[in-house]
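Visitor: Next up, my_file.pdb (PDB, C-alpha atoms).
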```pdb
ATOM      1  CA  MET A   1      15.067  -4.613 -12.696
ATOM      2  CA  GLY A   2      17.034  -4.040 -15.856
ATOM      3  CA  LYS A   3      17.870  -0.470 -14.826
ATOM      4  CA  PRO A   4      21.347   1.078 -14.632
ATOM      5  CA  ASP A   5      23.043   1.220 -11.242
ATOM      6  CA  GLN A   6      23.075   4.151  -8.811
ATOM      7  CA  SER A   7      26.180   5.716 -10.351
ATOM      8  CA  SER A   8      24.275   6.443 -13.579
ATOM      9  CA  LEU A   9      21.556   8.262 -11.636
ATOM     10  CA  LEU A  10      24.097  10.214  -9.595
ATOM     11  CA  GLN A  11      25.956  11.241 -12.753
ATOM     12  CA  PHE A  12      22.714  12.407 -14.392
ATOM     13  CA  HIS A  13      21.676  14.185 -11.172
ATOM     14  CA  SER A  14      24.990  16.050 -11.083
ATOM     15  CA  MET A  15      24.748  17.030 -14.764
ATOM     16  CA  PHE A  16      21.168  18.231 -14.243
ATOM     17  CA  LEU A  17      22.088  20.363 -11.213
ATOM     18  CA  ASN A  18      25.022  21.856 -13.110
ATOM     19  CA  ALA A  19      22.896  22.688 -16.165
ATOM     20  CA  THR A  20      20.156  24.144 -13.962
ATOM     21  CA  ALA A  21      22.660  26.325 -12.093
ATOM     22  CA  HIS A  22      23.767  27.851 -15.414
ATOM     23  CA  SER A  23      20.243  28.560 -16.638
ATOM     24  CA  ASP A  24      17.647  31.097 -15.642
ATOM     25  CA  LYS A  25      15.089  28.373 -15.073
ATOM     26  CA  LYS A  26      13.867  26.831 -11.855
ATOM     27  CA  GLN A  27      13.846  23.110 -12.627
ATOM     28  CA  PHE A  28      13.335  19.962 -10.569
ATOM     29  CA  LEU A  29      13.807  16.247 -11.021
ATOM     30  CA  THR A  30      10.950  13.897 -10.262
ATOM     31  CA  TYR A  31      11.830  10.320  -9.378
ATOM     32  CA  TYR A  32       9.658   7.305 -10.122
ATOM     33  CA  LEU A  33      10.025   4.957  -7.171
ATOM     34  CA  ILE A  34       8.274   1.637  -6.659
ATOM     35  CA  ALA A  35       7.857  -0.160  -3.348
ATOM     36  CA  ALA A  36       7.345  -3.918  -3.007
ATOM     37  CA  HIS A  37       8.780  -4.827  -6.423
ATOM     38  CA  PRO A  38       9.492  -8.578  -6.662
ATOM     39  CA  GLY A  39      12.806  -9.238  -4.965
ATOM     40  CA  CYS A  40      12.504  -6.239  -2.619
ATOM     41  CA  THR A  41      12.173  -6.524   1.126
ATOM     42  CA  GLU A  42      12.005  -3.871   3.826
ATOM     43  CA  HIS A  43      15.805  -4.018   3.882
ATOM     44  CA  GLU A  44      16.010  -2.806   0.257
ATOM     45  CA  MET A  45      13.465  -0.064   1.007
ATOM     46  CA  LYS A  46      15.607   1.111   3.940
ATOM     47  CA  ASN A  47      18.663   1.151   1.672
ATOM     48  CA  LEU A  48      16.726   3.129  -0.950
ATOM     49  CA  LYS A  49      15.504   5.586   1.691
ATOM     50  CA  GLU A  50      19.075   6.096   2.870
ATOM     51  CA  PHE A  51      20.248   6.591  -0.738
ATOM     52  CA  THR A  52      17.544   9.147  -1.544
ATOM     53  CA  SER A  53      18.158  11.019   1.705
ATOM     54  CA  ASN A  54      21.955  11.041   1.590
ATOM     55  CA  ASN A  55      22.716  11.157  -2.122
ATOM     56  CA  LEU A  56      19.725  12.855  -3.745
ATOM     57  CA  ARG A  57      18.861  14.986  -0.699
ATOM     58  CA  ILE A  58      15.145  14.295  -1.055
ATOM     59  CA  ASN A  59      12.375  12.753   0.952
ATOM     60  CA  PRO A  60      10.273  10.796  -1.557
ATOM     61  CA  GLU A  61       6.603  11.734  -1.486
ATOM     62  CA  GLN A  62       5.403   9.921  -4.590
ATOM     63  CA  VAL A  63       5.993   6.192  -4.310
ATOM     64  CA  GLN A  64       3.919   3.604  -6.125
ATOM     65  CA  ILE A  65       3.258   0.175  -4.703
ATOM     66  CA  PHE A  66       4.139  -2.420  -7.335
ATOM     67  CA  THR A  67       1.262  -3.607  -9.513
ATOM     68  CA  PRO A  68       1.966  -6.526 -11.866
ATOM     69  CA  LEU A  69       1.247  -5.593 -15.479
ATOM     70  CA  PRO A  70       0.659  -8.204 -18.188
ATOM     71  CA  SER A  71       3.538  -9.174 -20.469
ATOM     72  CA  THR A  72       6.313  -7.849 -18.210
ATOM     73  CA  TYR A  73       9.196  -9.653 -16.563
ATOM     74  CA  SER A  74       8.127  -8.097 -13.272
ATOM     75  CA  ALA A  75       4.682  -9.728 -13.515
ATOM     76  CA  LEU A  76       6.319 -13.045 -14.334
ATOM     77  CA  MET A  77       8.503 -12.642 -11.235
ATOM     78  CA  TYR A  78       5.489 -11.706  -9.116
ATOM     79  CA  TYR A  79       3.403 -14.739 -10.056
ATOM     80  CA  THR A  80       6.145 -17.387 -10.246
ATOM     81  CA  GLU A  81       8.292 -16.029  -7.382
ATOM     82  CA  GLN A  82      11.340 -16.822  -9.505
ATOM     83  CA  ASP A  83      13.975 -14.832 -11.352
ATOM     84  CA  PRO A  84      13.054 -15.411 -15.015
ATOM     85  CA  PHE A  85      16.706 -15.397 -16.099
ATOM     86  CA  THR A  86      18.202 -17.701 -13.471
ATOM     87  CA  GLY A  87      15.201 -19.666 -12.199
ATOM     88  CA  LEU A  88      16.234 -18.877  -8.615
ATOM     89  CA  LYS A  89      13.558 -18.406  -5.955
ATOM     90  CA  LEU A  90      12.682 -14.776  -5.348
ATOM     91  CA  PHE A  91      11.043 -13.080  -2.386
ATOM     92  CA  VAL A  92       7.751 -11.463  -3.396
ATOM     93  CA  GLU A  93       5.757  -9.439  -0.888
ATOM     94  CA  LYS A  94       2.089 -10.242  -1.344
ATOM     95  CA  ASP A  95       0.708  -9.061   1.998
ATOM     96  CA  THR A  96      -1.030  -5.708   1.465
ATOM     97  CA  ASN A  97      -0.066  -4.292   4.865
ATOM     98  CA  ARG A  98       3.591  -5.165   4.366
ATOM     99  CA  LYS A  99       3.529  -3.573   0.904
ATOM    100  CA  ILE A 100       2.206  -0.400   2.518
ATOM    101  CA  LYS A 101       4.954  -0.634   5.134
ATOM    102  CA  GLN A 102       7.585  -0.756   2.372
ATOM    103  CA  LYS A 103       6.085   2.393   0.881
ATOM    104  CA  ASP A 104       5.948   4.056   4.300
ATOM    105  CA  ILE A 105       9.655   3.388   4.841
ATOM    106  CA  LEU A 106      10.399   5.446   1.728
ATOM    107  CA  THR A 107       8.013   8.290   2.433
ATOM    108  CA  HIS A 108       8.398   8.682   6.201
ATOM    109  CA  LYS A 109      10.204  11.955   6.900
ATOM    110  CA  SER A 110      11.888  11.072  10.171
ATOM    111  CA  PHE A 111      12.975   7.541   9.253
ATOM    112  CA  TYR A 112      16.661   8.470   8.985
ATOM    113  CA  LYS A 113      16.587  11.547  11.191
ATOM    114  CA  LYS A 114      16.199   9.243  14.205
ATOM    115  CA  LYS A 115      19.151   7.175  13.028
ATOM    116  CA  SER A 116      21.277  10.304  12.490
ATOM    117  CA  SER A 117      20.443  11.858  15.862
ATOM    118  CA  SER A 118      21.250   8.629  17.711
ATOM    119  CA  LYS A 119      24.683   8.633  16.030
ATOM    120  CA  ARG A 120      25.298  12.196  17.209
ATOM    121  CA  LEU A 121      24.453  11.288  20.795
ATOM    122  CA  SER A 122      26.928   8.432  20.839
ATOM    123  CA  LYS A 123      29.888  10.580  19.679
TER     124      LYS A 123
END
```
Is it possible to express this structure as structure tokens?
Guide:
Amino acid sequence: MGKPDQSSLLQFHSMFLNATAHSDKKQFLTYYLIAAHPGCTEHEMKNLKEFTSNNLRINPEQVQIFTPLPSTYSALMYYTEQDPFTGLKLFVEKDTNRKIKQKDILTHKSFYKKKSSSKRLSK
């Protein structure tokens, strides 16, 4: 919420890889990913998994399950189940097992390999 879109990350990622290629340093990017943020369903986690796999070429290993912190818009969204700017109803995952499932979607290594191999078989 309130973050730039994917194109900003991809542009930064490209600039980082280019700068790293021209240096004598071995450098890596670390991404801060959150599962079960207010407004996110398993569908959004699947989309994020696909984005990280296809565009960033990573399999996320460090994913935090959302924890509401005081005095943040995200906490307000979590407790009211509304978008604070529009007042529209918002999906908020509050079931612990389903939160874990959202995290597992992001961290599971073969989540998209199965999808890719089934595409290959159908061609």
Visitor: Name all residues at most 10 Å from Leu48 (chain A) (count all atoms listed in the file; drop same-chain ones fewer than 6 positions away) and give them as a PyMOL selection string.
Guide: chain A and resi 33+35+42+54+105-106
Visitor: Counting only C-alpha atoms, figure out which residue out of A:Leu9, A:Pro68, A:Gly2, A:Glu50 gets nearest to Phe85 (chain A).
Guide: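 The answer is A:Gly2, which sits nearest to Phe85 (chain A).
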Visitor: Please indicate the distance in Å from CA of Met45 (chain A) to CA of Asp5 (chain A), rounded to one decimal place.
Guide: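 Calculated distance between CA of Met45 (chain A) and CA of Asp5 (chain A) is 15.6 Å.
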Visitor: Given the file shown, determine the residues that the PyMOL selection byres ((chain A and resi 98) around 12) selects; report them as a PyMOL selection string.
Guide: chain A and resi 35-37+40-42+45+65+92-97+99-105
Visitor: Using all atoms listed in the file, which residues sit within 12 Å of region 10-21 of chain A once same-chain residues fewer than 6 positions away are excluded, as a PDB file with C-alpha atoms, in the frame of the given file?
Guide:
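Final output, saved to part.pdb:
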```pdb
ATOM      1  CA  PRO A   4      21.347   1.078 -14.632  1.00  0.00           C
ATOM      2  CA  GLN A  27      13.846  23.110 -12.627  1.00  0.00           C
ATOM      3  CA  PHE A  28      13.335  19.962 -10.569  1.00  0.00           C
ATOM      4  CA  LEU A  29      13.807  16.247 -11.021  1.00  0.00           C
ATOM      5  CA  THR A  30      10.950  13.897 -10.262  1.00  0.00           C
ATOM      6  CA  TYR A  31      11.830  10.320  -9.378  1.00  0.00           C
ATOM      7  CA  PHE A  51      20.248   6.591  -0.738  1.00  0.00           C
ATOM      8  CA  THR A  52      17.544   9.147  -1.544  1.00  0.00           C
ATOM      9  CA  ASN A  54      21.955  11.041   1.590  1.00  0.00           C
ATOM     10  CA  ASN A  55      22.716  11.157  -2.122  1.00  0.00           C
ATOM     11  CA  LEU A  56      19.725  12.855  -3.745  1.00  0.00           C
ATOM     12  CA  ARG A  57      18.861  14.986  -0.699  1.00  0.00           C
TER      13      ARG A  57
END
```
Visitor: Out of A:Lys46, A:Glu61, A:Lys109, A:Pro38, which residue has the shortest atom-to-atom distance to Asp83 (chain A) when counting only C-alpha atoms?
Guide: A:Pro38
Visitor: So which residues touch Gly87 (chain A) within 12 Å, counting only C-alpha atoms, skipping near sequence neighbours fewer than 5 positions away, as JSON, numbers by chain?
Guide: {"A": [76, 77, 80, 81, 82]}
Visitor: Could you jot down the CA of Thr67 (chain A) to CA of Leu88 (chain A) separation for me, Å, one decimal place?
Guide: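 Here the two named atoms are 21.4 Å from each other.
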Visitor: Please, what distance in Å, to one decimal, runs between CA of Lys3 (chain A) and CA of Ser74 (chain A)?
Guide: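 Going from CA of Lys3 (chain A) over to CA of Ser74 (chain A), I get 12.5 Å.
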Visitor: Considering all atoms listed in the file, state which residue in the set A:Lys25, A:Pro70, A:Glu44, A:Asn59 is at the smallest distance from Phe91 (chain A).
Guide: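 Of the candidates, the smallest distance to Phe91 (chain A) is held by A:Glu44.
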Visitor: From the structure block, carefully write region 67-105 of chain A out with N, CA and C atoms; format it as an mmCIF file, in the first residue's frame.
Guide:
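Here's the written file selection01.cif:
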```
data_model
loop_
_atom_site.group_PDB
_atom_site.id
_atom_site.type_symbol
_atom_site.label_atom_id
_atom_site.label_comp_id
_atom_site.auth_asym_id
_atom_site.auth_seq_id
_atom_site.Cartn_x
_atom_site.Cartn_y
_atom_site.Cartn_z
ATOM 1 N N THR A 67 1.628 -8.243 10.269
ATOM 2 C CA THR A 67 1.315 -7.981 11.675
ATOM 3 C C THR A 67 0.891 -6.514 11.768
ATOM 4 N N PRO A 68 -0.316 -6.232 12.237
ATOM 5 C CA PRO A 68 -0.738 -4.833 12.332
ATOM 6 C C PRO A 68 0.064 -4.077 13.393
ATOM 7 N N LEU A 69 0.620 -2.952 12.987
ATOM 8 C CA LEU A 69 1.384 -2.102 13.906
ATOM 9 C C LEU A 69 0.589 -0.841 14.202
ATOM 10 N N PRO A 70 0.636 -0.370 15.442
ATOM 11 C CA PRO A 70 -0.131 0.826 15.810
ATOM 12 C C PRO A 70 0.215 2.038 14.945
ATOM 13 N N SER A 71 -0.758 2.870 14.721
ATOM 14 C CA SER A 71 -0.597 4.146 14.022
ATOM 15 C C SER A 71 -0.193 3.994 12.561
ATOM 16 N N THR A 72 -0.625 2.913 11.910
ATOM 17 C CA THR A 72 -0.365 2.738 10.483
ATOM 18 C C THR A 72 -1.691 2.577 9.752
ATOM 19 N N TYR A 73 -1.690 2.972 8.479
ATOM 20 C CA TYR A 73 -2.889 2.766 7.670
ATOM 21 C C TYR A 73 -3.203 1.276 7.555
ATOM 22 N N SER A 74 -2.168 0.461 7.477
ATOM 23 C CA SER A 74 -2.385 -0.980 7.348
ATOM 24 C C SER A 74 -3.125 -1.543 8.561
ATOM 25 N N ALA A 75 -2.787 -1.080 9.754
ATOM 26 C CA ALA A 75 -3.490 -1.532 10.961
ATOM 27 C C ALA A 75 -4.948 -1.066 10.932
ATOM 28 N N LEU A 76 -5.154 0.150 10.496
ATOM 29 C CA LEU A 76 -6.510 0.676 10.368
ATOM 30 C C LEU A 76 -7.320 -0.194 9.407
ATOM 31 N N MET A 77 -6.705 -0.577 8.293
ATOM 32 C CA MET A 77 -7.358 -1.441 7.312
ATOM 33 C C MET A 77 -7.652 -2.808 7.923
ATOM 34 N N TYR A 78 -6.711 -3.332 8.682
ATOM 35 C CA TYR A 78 -6.860 -4.653 9.283
ATOM 36 C C TYR A 78 -8.055 -4.689 10.240
ATOM 37 N N TYR A 79 -8.149 -3.703 11.105
ATOM 38 C CA TYR A 79 -9.195 -3.723 12.131
ATOM 39 C C TYR A 79 -10.567 -3.285 11.620
ATOM 40 N N THR A 80 -10.602 -2.347 10.677
ATOM 41 C CA THR A 80 -11.902 -1.870 10.180
ATOM 42 C C THR A 80 -12.392 -2.635 8.954
ATOM 43 N N GLU A 81 -11.479 -3.345 8.287
ATOM 44 C CA GLU A 81 -11.773 -4.050 7.036
ATOM 45 C C GLU A 81 -12.332 -3.099 5.990
ATOM 46 N N GLN A 82 -11.760 -1.884 5.979
ATOM 47 C CA GLN A 82 -12.139 -0.860 5.005
ATOM 48 C C GLN A 82 -10.894 -0.164 4.488
ATOM 49 N N ASP A 83 -10.993 0.322 3.251
ATOM 50 C CA ASP A 83 -9.936 1.182 2.706
ATOM 51 C C ASP A 83 -10.090 2.545 3.380
ATOM 52 N N PRO A 84 -9.058 3.041 4.047
ATOM 53 C CA PRO A 84 -9.198 4.297 4.792
ATOM 54 C C PRO A 84 -9.391 5.525 3.906
ATOM 55 N N PHE A 85 -9.089 5.402 2.621
ATOM 56 C CA PHE A 85 -9.204 6.549 1.720
ATOM 57 C C PHE A 85 -10.530 6.583 0.973
ATOM 58 N N THR A 86 -11.120 5.398 0.759
ATOM 59 C CA THR A 86 -12.375 5.345 0.003
ATOM 60 C C THR A 86 -13.557 4.894 0.855
ATOM 61 N N GLY A 87 -13.276 4.222 1.974
ATOM 62 C CA GLY A 87 -14.332 3.683 2.813
ATOM 63 C C GLY A 87 -14.908 2.373 2.290
ATOM 64 N N LEU A 88 -14.353 1.868 1.177
ATOM 65 C CA LEU A 88 -14.857 0.621 0.603
ATOM 66 C C LEU A 88 -14.431 -0.577 1.442
ATOM 67 N N LYS A 89 -15.302 -1.598 1.458
ATOM 68 C CA LYS A 89 -15.005 -2.831 2.189
ATOM 69 C C LYS A 89 -13.773 -3.486 1.583
ATOM 70 N N LEU A 90 -12.978 -4.093 2.457
ATOM 71 C CA LEU A 90 -11.700 -4.667 2.076
ATOM 72 C C LEU A 90 -11.594 -6.072 2.642
ATOM 73 N N PHE A 91 -11.123 -7.018 1.832
ATOM 74 C CA PHE A 91 -10.899 -8.358 2.355
ATOM 75 C C PHE A 91 -9.689 -8.333 3.283
ATOM 76 N N VAL A 92 -9.828 -8.932 4.444
ATOM 77 C CA VAL A 92 -8.717 -9.049 5.394
ATOM 78 C C VAL A 92 -8.681 -10.490 5.887
ATOM 79 N N GLU A 93 -7.576 -11.157 5.619
ATOM 80 C CA GLU A 93 -7.424 -12.546 6.073
ATOM 81 C C GLU A 93 -7.073 -12.535 7.550
ATOM 82 N N LYS A 94 -7.912 -13.160 8.354
ATOM 83 C CA LYS A 94 -7.658 -13.210 9.789
ATOM 84 C C LYS A 94 -7.465 -14.625 10.303
ATOM 85 N N ASP A 95 -7.698 -15.615 9.447
ATOM 86 C CA ASP A 95 -7.492 -17.011 9.819
ATOM 87 C C ASP A 95 -6.000 -17.340 9.733
ATOM 88 N N THR A 96 -5.427 -17.791 10.835
ATOM 89 C CA THR A 96 -3.990 -18.053 10.909
ATOM 90 C C THR A 96 -3.522 -19.057 9.859
ATOM 91 N N ASN A 97 -4.263 -20.131 9.671
ATOM 92 C CA ASN A 97 -3.859 -21.145 8.691
ATOM 93 C C ASN A 97 -3.880 -20.605 7.268
ATOM 94 N N ARG A 98 -4.825 -19.757 6.960
ATOM 95 C CA ARG A 98 -4.890 -19.174 5.618
ATOM 96 C C ARG A 98 -3.792 -18.132 5.419
ATOM 97 N N LYS A 99 -3.409 -17.448 6.492
ATOM 98 C CA LYS A 99 -2.263 -16.526 6.399
ATOM 99 C C LYS A 99 -1.006 -17.309 6.069
ATOM 100 N N ILE A 100 -0.830 -18.441 6.744
ATOM 101 C CA ILE A 100 0.332 -19.297 6.489
ATOM 102 C C ILE A 100 0.293 -19.814 5.052
ATOM 103 N N LYS A 101 -0.894 -20.140 4.569
ATOM 104 C CA LYS A 101 -1.016 -20.612 3.186
ATOM 105 C C LYS A 101 -0.585 -19.532 2.202
ATOM 106 N N GLN A 102 -0.948 -18.279 2.467
ATOM 107 C CA GLN A 102 -0.502 -17.178 1.602
ATOM 108 C C GLN A 102 1.023 -17.108 1.581
ATOM 109 N N LYS A 103 1.634 -17.240 2.737
ATOM 110 C CA LYS A 103 3.096 -17.223 2.804
ATOM 111 C C LYS A 103 3.677 -18.414 2.050
ATOM 112 N N ASP A 104 3.081 -19.577 2.227
ATOM 113 C CA ASP A 104 3.564 -20.786 1.553
ATOM 114 C C ASP A 104 3.490 -20.667 0.036
ATOM 115 N N ILE A 105 2.487 -19.995 -0.477
ATOM 116 C CA ILE A 105 2.384 -19.786 -1.924
ATOM 117 C C ILE A 105 3.627 -19.063 -2.426
#
```
